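**Student:** I am sharing entry_12.cif, which consists of mmCIF, C-alpha atoms:
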data_target
loop_
_atom_site.label_atom_id
_atom_site.label_comp_id
_atom_site.auth_asym_id
_atom_site.auth_seq_id
_atom_site.Cartn_x
_atom_site.Cartn_y
_atom_site.Cartn_z
CA MET A 1 67.50 93.60 190.30
CA ALA A 2 65.59 91.65 187.60
CA THR A 3 65.08 87.91 187.77
CA LYS A 4 65.54 86.40 184.32
CA LEU A 5 64.05 83.00 183.57
CA VAL A 6 65.11 80.91 180.59
CA ARG A 7 62.61 78.14 180.13
CA PRO A 8 63.58 74.76 178.63
CA PRO A 9 61.89 73.48 175.45
CA VAL A 10 58.28 72.41 175.94
CA PRO A 11 58.02 68.60 176.35
CA PRO A 12 56.23 66.83 173.48
CA GLN A 13 53.15 66.09 175.60
CA HIS A 14 52.64 69.82 176.14
CA VAL A 15 53.01 70.90 172.51
CA VAL A 16 49.43 70.10 171.45
CA PRO A 17 47.40 72.10 172.01
CA PRO A 18 49.66 75.19 172.32
CA THR A 19 49.11 77.38 175.33
CA THR A 20 47.01 80.48 174.96
CA GLY A 21 48.87 83.72 174.54
CA VAL A 22 48.41 87.45 174.37
CA PRO A 23 49.43 89.47 171.25
CA GLN A 24 51.49 87.15 169.14
CA ILE A 25 53.52 87.74 166.02
CA LEU A 26 53.04 84.56 164.05
CA ILE A 27 51.68 86.06 160.88
CA THR A 28 49.49 84.90 158.00
CA THR A 29 47.12 86.99 155.95
CA HIS A 30 44.66 84.41 154.67
CA ARG A 31 42.57 82.10 156.83
CA LEU A 32 40.89 78.86 155.78
CA ILE A 33 37.68 77.97 157.59
CA PRO A 34 35.19 75.14 157.03
CA ALA A 35 32.99 75.62 153.99
CA THR A 36 29.29 76.09 154.54
CA HIS A 37 28.33 74.37 151.26
CA HIS A 38 29.69 70.96 150.45
CA HIS A 39 30.42 69.37 147.11
CA PRO A 40 32.49 66.24 146.37
CA TRP A 41 35.43 68.32 145.19
CA THR A 42 34.95 72.07 144.84
CA GLN A 43 32.79 74.99 145.82
CA SER A 44 32.05 77.49 143.05
CA THR A 45 32.11 81.21 143.82
CA ARG A 46 32.33 84.38 141.77
CA PHE A 47 36.08 84.21 142.46
CA GLY A 48 36.57 80.67 141.15
CA ASP A 49 36.54 77.18 142.63
CA TRP A 50 37.60 76.54 146.24
CA PRO A 51 38.21 73.16 147.86
CA SER A 52 35.03 71.79 149.41
CA ARG A 53 36.86 71.23 152.71
CA PHE A 54 37.70 74.93 153.07
CA ARG A 55 36.83 78.38 151.83
CA SER A 56 38.82 81.58 152.02
CA SER A 57 37.50 84.04 154.59
CA TYR A 58 39.36 86.78 152.76
CA THR A 59 37.44 86.01 149.55
CA THR A 60 34.18 86.10 151.48
CA LYS A 61 35.10 89.48 152.95
CA VAL A 62 35.89 90.89 149.49
CA ALA A 63 32.48 89.75 148.31
CA GLU A 64 30.82 91.46 151.26
CA ARG A 65 32.70 94.68 150.59
CA SER A 66 31.79 94.71 146.90
CA SER A 67 28.11 94.14 147.69
CA GLY A 68 27.98 97.22 149.90
CA LEU A 69 27.08 95.34 153.09
CA VAL A 70 29.59 97.19 155.27
CA GLY A 71 29.83 100.77 156.47
CA ASP A 72 32.61 103.30 156.60
CA SER A 73 35.71 101.95 158.35
CA LYS A 74 36.11 105.11 160.45
CA GLU A 75 32.59 104.74 161.80
CA ILE A 76 33.12 101.05 162.49
CA LYS A 77 36.38 101.78 164.34
CA ALA A 78 34.64 104.44 166.42
CA ASP A 79 31.88 101.98 167.36
CA LEU A 80 34.49 99.34 168.19
CA TYR A 81 36.48 101.67 170.46
CA GLN A 82 33.29 102.68 172.23
CA ILE A 83 32.07 99.14 172.92
CA VAL A 84 35.40 97.95 174.36
CA GLN A 85 35.53 100.77 176.87
CA GLY A 86 35.31 99.73 180.54
CA ILE A 87 35.78 95.96 180.05
CA ASN A 88 39.47 95.77 181.01
CA ARG A 89 40.39 94.43 177.56
CA GLY A 90 38.07 91.49 178.09
CA ILE A 91 40.70 89.66 180.15
CA PHE A 92 38.19 88.79 182.90
CA GLY A 93 35.39 87.99 180.48
CA VAL A 94 32.55 89.98 178.91
CA PRO A 95 28.80 89.30 178.51
CA SER A 96 28.03 87.12 175.51
CA THR A 97 25.90 89.80 173.84
CA LYS A 98 28.73 92.34 174.01
CA LYS A 99 31.27 89.77 172.83
CA SER A 100 29.08 88.98 169.82
CA GLU A 101 28.77 92.67 168.97
CA ILE A 102 32.54 93.12 169.19
CA GLU A 103 33.08 90.17 166.86
CA ARG A 104 30.50 91.58 164.43
CA LEU A 105 32.36 94.91 164.26
CA VAL A 106 35.68 93.06 163.89
CA GLU A 107 34.34 91.14 160.91
CA LEU A 108 33.08 94.36 159.33
CA LEU A 109 36.54 95.91 159.66
CA GLU A 110 38.20 92.78 158.30
CA SER A 111 36.02 93.09 155.20
CA GLN A 112 37.64 96.50 154.58
CA ASN A 113 41.24 95.62 155.38
CA PRO A 114 43.35 98.26 153.55
CA THR A 115 46.43 96.02 153.78
CA PRO A 116 45.40 92.58 152.48
CA ASP A 117 49.04 91.40 152.39
CA PRO A 118 50.61 92.75 155.61
CA THR A 119 53.61 90.42 155.44
CA LEU A 120 54.57 92.27 152.26
CA ASN A 121 54.09 95.59 154.07
CA LEU A 122 55.73 94.89 157.42
CA ASP A 123 56.38 98.57 158.01
CA LYS A 124 52.72 98.75 159.03
CA VAL A 125 53.26 95.98 161.59
CA GLY A 126 56.55 96.97 163.22
CA GLY A 127 56.80 99.20 166.28
CA TRP A 128 54.88 99.54 169.56
CA TRP A 129 51.27 98.44 170.09
CA LYS A 130 48.86 98.41 173.02
CA LEU A 131 46.19 95.77 173.53
CA VAL A 132 42.64 97.12 173.42
CA TYR A 133 40.70 93.85 173.52
CA SER A 134 41.33 90.12 173.48
CA THR A 135 39.24 86.98 173.84
CA VAL A 136 42.01 85.48 176.01
CA THR A 137 40.60 85.34 179.55
CA ILE A 138 41.73 84.70 183.13
CA LEU A 139 38.77 83.30 185.02
CA GLY A 140 37.86 81.31 188.13
CA SER A 141 40.63 79.60 190.07
CA LYS A 142 43.32 80.91 187.71
CA ARG A 143 42.45 84.48 188.59
CA THR A 144 42.41 83.63 192.30
CA LYS A 145 45.75 81.81 192.25
CA LEU A 146 47.41 84.75 190.52
CA GLY A 147 46.00 87.23 193.04
CA LEU A 148 44.25 89.19 190.32
CA ARG A 149 40.99 89.77 192.18
CA ASP A 150 41.95 92.48 194.67
CA PHE A 151 45.63 92.37 195.60
CA ILE A 152 47.21 92.68 192.13
CA THR A 153 45.73 94.64 189.24
CA LEU A 154 46.64 94.52 185.57
CA GLY A 155 48.09 97.55 183.81
CA ASP A 156 48.79 98.01 180.11
CA PHE A 157 49.51 95.14 177.73
CA LEU A 158 52.21 96.35 175.34
CA GLN A 159 53.92 94.76 172.37
CA ASN A 160 56.99 95.78 170.38
CA ILE A 161 57.79 94.23 167.02
CA ASP A 162 61.40 94.72 165.92
CA LEU A 163 61.53 93.92 162.21
CA VAL A 164 65.30 94.30 161.92
CA LYS A 165 66.11 91.82 164.70
CA GLY A 166 63.13 89.56 164.07
CA LYS A 167 62.07 89.93 167.69
CA ALA A 168 58.70 90.34 169.39
CA VAL A 169 58.50 91.58 172.98
CA ASN A 170 55.30 91.41 175.03
CA VAL A 171 55.11 93.50 178.20
CA ILE A 172 52.35 92.96 180.78
CA LYS A 173 52.31 95.56 183.54
CA PHE A 174 51.10 94.95 187.12
CA ASN A 175 50.21 97.15 190.09
CA VAL A 176 50.35 95.73 193.63
CA ARG A 177 48.21 97.28 196.35
CA GLY A 178 49.41 97.56 199.93
CA LEU A 179 53.10 97.82 199.00
CA ASN A 180 53.27 101.55 198.35
CA LEU A 181 51.59 100.84 195.01
CA LEU A 182 54.45 98.67 193.74
CA ASN A 183 54.63 98.60 189.95
CA GLY A 184 56.19 95.80 187.95
CA GLN A 185 55.99 93.87 184.71
CA LEU A 186 56.31 90.52 182.98
CA THR A 187 58.40 90.74 179.81
CA ILE A 188 58.34 87.89 177.32
CA GLU A 189 60.75 87.86 174.39
CA ALA A 190 60.32 85.73 171.29
CA SER A 191 61.98 85.45 167.89
CA PHE A 192 60.21 84.91 164.59
CA LYS A 193 61.09 83.87 161.04
CA ILE A 194 59.24 83.26 157.79
CA ALA A 195 58.17 79.63 157.56
CA SER A 196 58.80 79.32 153.82
CA LYS A 197 62.56 79.86 154.30
CA SER A 198 62.83 76.56 156.15
CA VAL A 199 63.58 73.44 154.06
CA ASN A 200 61.73 71.29 156.59
CA ALA A 201 58.73 73.60 156.35
CA ARG A 202 58.68 73.22 152.57
CA LEU A 203 58.71 69.45 152.88
CA LEU A 204 55.86 69.62 155.38
CA PHE A 205 53.93 71.79 152.95
CA LEU A 206 54.34 69.25 150.15
CA LEU A 207 53.20 66.50 152.50
CA PHE A 208 50.22 68.66 153.45
CA LEU A 209 49.20 69.02 149.78
CA PHE A 210 49.53 65.26 149.28
CA LYS A 211 47.45 64.51 152.36
CA MET A 212 44.73 67.01 151.43
CA ASN A 213 44.50 65.39 147.99
CA TYR A 214 44.13 68.69 146.15
CA LYS A 215 43.00 68.22 142.55
CA THR A 216 43.42 71.60 140.87
CA LEU A 217 46.25 74.06 140.34
CA HIS A 218 44.07 76.80 141.86
CA GLU A 219 43.77 74.86 145.13
CA ILE A 220 47.54 74.46 145.27
CA GLU A 221 48.12 78.14 144.51
CA VAL A 222 45.77 79.22 147.32
CA SER A 223 47.45 76.90 149.81
CA PHE A 224 50.92 78.03 148.77
CA LEU A 225 50.02 81.71 149.25
CA ILE A 226 48.81 80.91 152.74
CA PHE A 227 51.95 78.93 153.48
CA LEU A 228 54.25 81.75 152.33
CA GLN A 229 52.64 84.21 154.72
CA ARG A 230 53.24 82.40 157.98
CA VAL A 231 55.97 83.19 160.46
CA ILE A 232 57.35 80.72 163.01
CA ILE A 233 57.63 81.99 166.59
CA ASN A 234 60.12 80.67 169.14
CA TYR A 235 59.84 81.55 172.82
CA ASP A 236 63.18 82.91 174.07
CA THR A 237 63.14 84.27 177.62
CA SER A 238 60.91 85.88 180.23
CA THR A 239 61.66 88.36 183.00
CA ILE A 240 59.64 89.63 185.95
CA THR A 241 60.71 92.86 187.58
CA PRO A 242 61.19 93.88 190.33
CA ASP A 243 62.17 90.88 192.47
CA GLN A 244 59.34 91.58 194.93
CA LEU A 245 56.82 90.95 192.15
CA MET A 246 58.68 87.82 191.03
CA ASN A 247 58.42 86.44 194.57
CA MET A 248 54.64 86.87 194.47
CA PHE A 249 54.29 85.01 191.18
CA ARG A 250 57.03 82.40 191.69
CA LYS A 251 54.70 79.64 192.93
CA ASN A 252 52.31 80.08 190.00
CA TYR A 253 54.81 81.27 187.42
CA ASP A 254 54.10 78.39 185.02
CA LEU A 255 50.40 79.27 185.13
CA LEU A 256 51.14 82.92 184.45
CA LEU A 257 53.40 82.12 181.51
CA SER A 258 50.93 79.62 180.05
CA ILE A 259 48.37 82.43 179.77
CA PHE A 260 50.73 84.91 178.12
CA ASN A 261 52.89 82.46 176.15
CA PRO A 262 53.44 83.99 172.67
CA GLU A 263 53.99 80.72 170.79
CA GLY A 264 51.55 79.96 168.00
CA TRP A 265 50.58 81.65 164.74
CA LEU A 266 48.55 84.76 164.10
CA GLU A 267 46.63 85.96 161.07
CA ILE A 268 46.71 89.72 160.65
CA SER A 269 43.18 90.17 159.42
CA TYR A 270 43.21 93.99 159.54
CA VAL A 271 45.95 96.60 159.83
CA ASP A 272 46.10 100.31 159.05
CA ASP A 273 48.16 103.18 160.42
CA THR A 274 46.54 103.08 163.88
CA LEU A 275 44.79 99.73 164.40
CA ARG A 276 45.66 96.05 164.07
CA ILE A 277 43.41 93.00 164.41
CA GLY A 278 44.67 89.43 164.63
CA ARG A 279 43.27 85.91 164.96
CA ASP A 280 45.45 83.14 166.34
CA ASP A 281 45.55 79.38 165.87
CA LYS A 282 43.47 78.89 169.01
CA GLY A 283 40.58 81.01 167.76
CA ASN A 284 41.38 84.11 169.82
CA ILE A 285 40.91 87.66 168.59
CA PHE A 286 43.35 90.48 169.41
CA ILE A 287 42.70 94.19 168.83
CA LEU A 288 45.67 96.54 169.26
CA GLU A 289 46.20 100.25 168.73
CA ARG A 290 49.49 101.75 167.61
CA LEU A 291 51.58 103.75 170.06
CA GLU A 292 54.13 106.39 169.23
CA ASP A 293 57.58 105.40 170.50
CA LYS A 294 57.73 108.49 172.69
CA MET A 295 54.57 107.34 174.51
CA VAL A 296 56.08 104.04 175.67
#
Can you give me the file's structure in the form of structure tokens?
**Tutor:**
Amino acid sequence: MATKLVRPPVPPQHVVPPTTGVPQILITTHRLIPATHHHPWTQSTRFGDWPSRFRSSYTTKVAERSSGLVGDSKEIKADLYQIVQGINRGIFGVPSTKKSEIERLVELLESQNPTPDPTLNLDKVGGWWKLVYSTVTILGSKRTKLGLRDFITLGDFLQNIDLVKGKAVNVIKFNVRGLNLLNGQLTIEASFKIASKSVNARLLFLLFLFKMNYKTLHEIEVSFLIFLQRVIINYDTSTITPDQLMNMFRKNYDLLLSIFNPEGWLEISYVDDTLRIGRDDKGNIFILERLEDKMV
């Protein structure tokens, strides 16, 4: 029998910063990061003027691609798959040199994203995915409290995106030693909607423009495109099955959920028919490979 937990809304004092999560479905396709060159108002590039406070990483990636600085995407993907082998998706940490190399390959792939506007091509996003690598980690006392050193091992991290229902389901599988190899899973369900459809969100966007003191139409256009491509995620419910596994995690359930909480936003920086890369609002990277429905 499954134990279903419906968690109350997060109290205001716990909203900022949001808790770290594994594959999330809050989607945007352009990311603003601090500019490396400062000017009182704008930064000139071959693509036009950008606000001095920010620059578009997507624009930078296009420039890299056009200058021939990146290799073939198939070769890059092959190198990426090879380097993430044997590190248990990075959940228990990886050496800094390997992490840097993974991030380098991720950036190369992002520069060749064949779907620059994935929210306009959601058919490439929907369906089942399996986590290959993430910068989300469980270290130190957290790993000990959850029994993830010897007693309990982590299985696959799966994600299903249902475009029709507007639902995202994350499934984290566990194997327990000493109990006839008991298998179980944590299932977290969340709903999502496009931010621009909310009147309150539109008002917040206008206030954002006013606060940022944008001076040119181009700056406003860039910000509006970013705004239109975000999706709001709401945590719905979580379930741990079977009950024996729930009993093991009950004492530290809040800790477990805080690690895998799906709330937040995610930029889909690369997606093709088999691979998806995302970056969330907490700076984490997620690499997922597509699964055929019959394999789940």
**Student:** Can you translate the PyMOL selection byres ((chain A and resi 76) around 12) into the concrete residues it hits in this file, as a list in words?
**Tutor:**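 For this structure, the PyMOL selection byres ((chain A and resi 76) around 12) captures Val70, Gly71, Asp72, Ser73, Lys74, Glu75, Lys77, Ala78, Asp79, Leu80, Tyr81, Gln82, Ile83, Glu101, Ile102, Glu103, Arg104, Leu105, Val106, Glu107, Leu108, Leu109, Glu110, Ser111, Gln112 and Leu275 of chain A.
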**Student:** I'd like the interatomic distance between CA of Leu139 in chain A and CA of Phe92 in chain A, to a tenth of an Å.
**Tutor:**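 Answer for the CA of Leu139 in chain A to CA of Phe92 in chain A separation: 5.9 Å.
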**Student:** Suppose you want the space between CA of Ile152 in chain A and CA of Leu288 in chain A; what is it in Å?
**Tutor:** 23.2 Å
**Student:** I need the residue set behind the PyMOL selection byres ((chain A and resi 144-146) around 9) for this file; please write it as an MDAnalysis selection string.
**Tutor:** chainID A and resid 139:143 147:149 152 248:249 252:253 255:256
**Student:** Mind giving me the straight-line distance from CA of Ile277 in chain A to CA of Ile259 in chain A in Å, one decimal?
**Tutor:** 19.3 Å
**Student:** On this structure, the PyMOL selection byres ((chain A and resi 233) around 7) would catch which residues? List them as a list in words, sorted by chain and number.
**Tutor:**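 When the PyMOL selection byres ((chain A and resi 233) around 7) is applied, the selected residues are Leu26, Ala190, Ser191, Phe192, Lys193, Val231, Ile232, Asn234, Tyr235, Glu263 and Gly264 of chain A.
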**Student:** Would you pick out the contacts of range 159-162 of chain A at 8 Å or less, using all atoms listed in the file, so that residues sharing its chain but fewer than 2 positions from it are not included, and give the list as a list in words?
**Tutor:**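 With the cut-off at 8 Å, the set is Pro23, Ile25, Val125, Gly126, Gly127, Trp128, Trp129, Lys130, Leu131, Phe157, Val164, Lys165, Gly166, Lys167, Ala168, Val169, Asn170 and Val171 of chain A.
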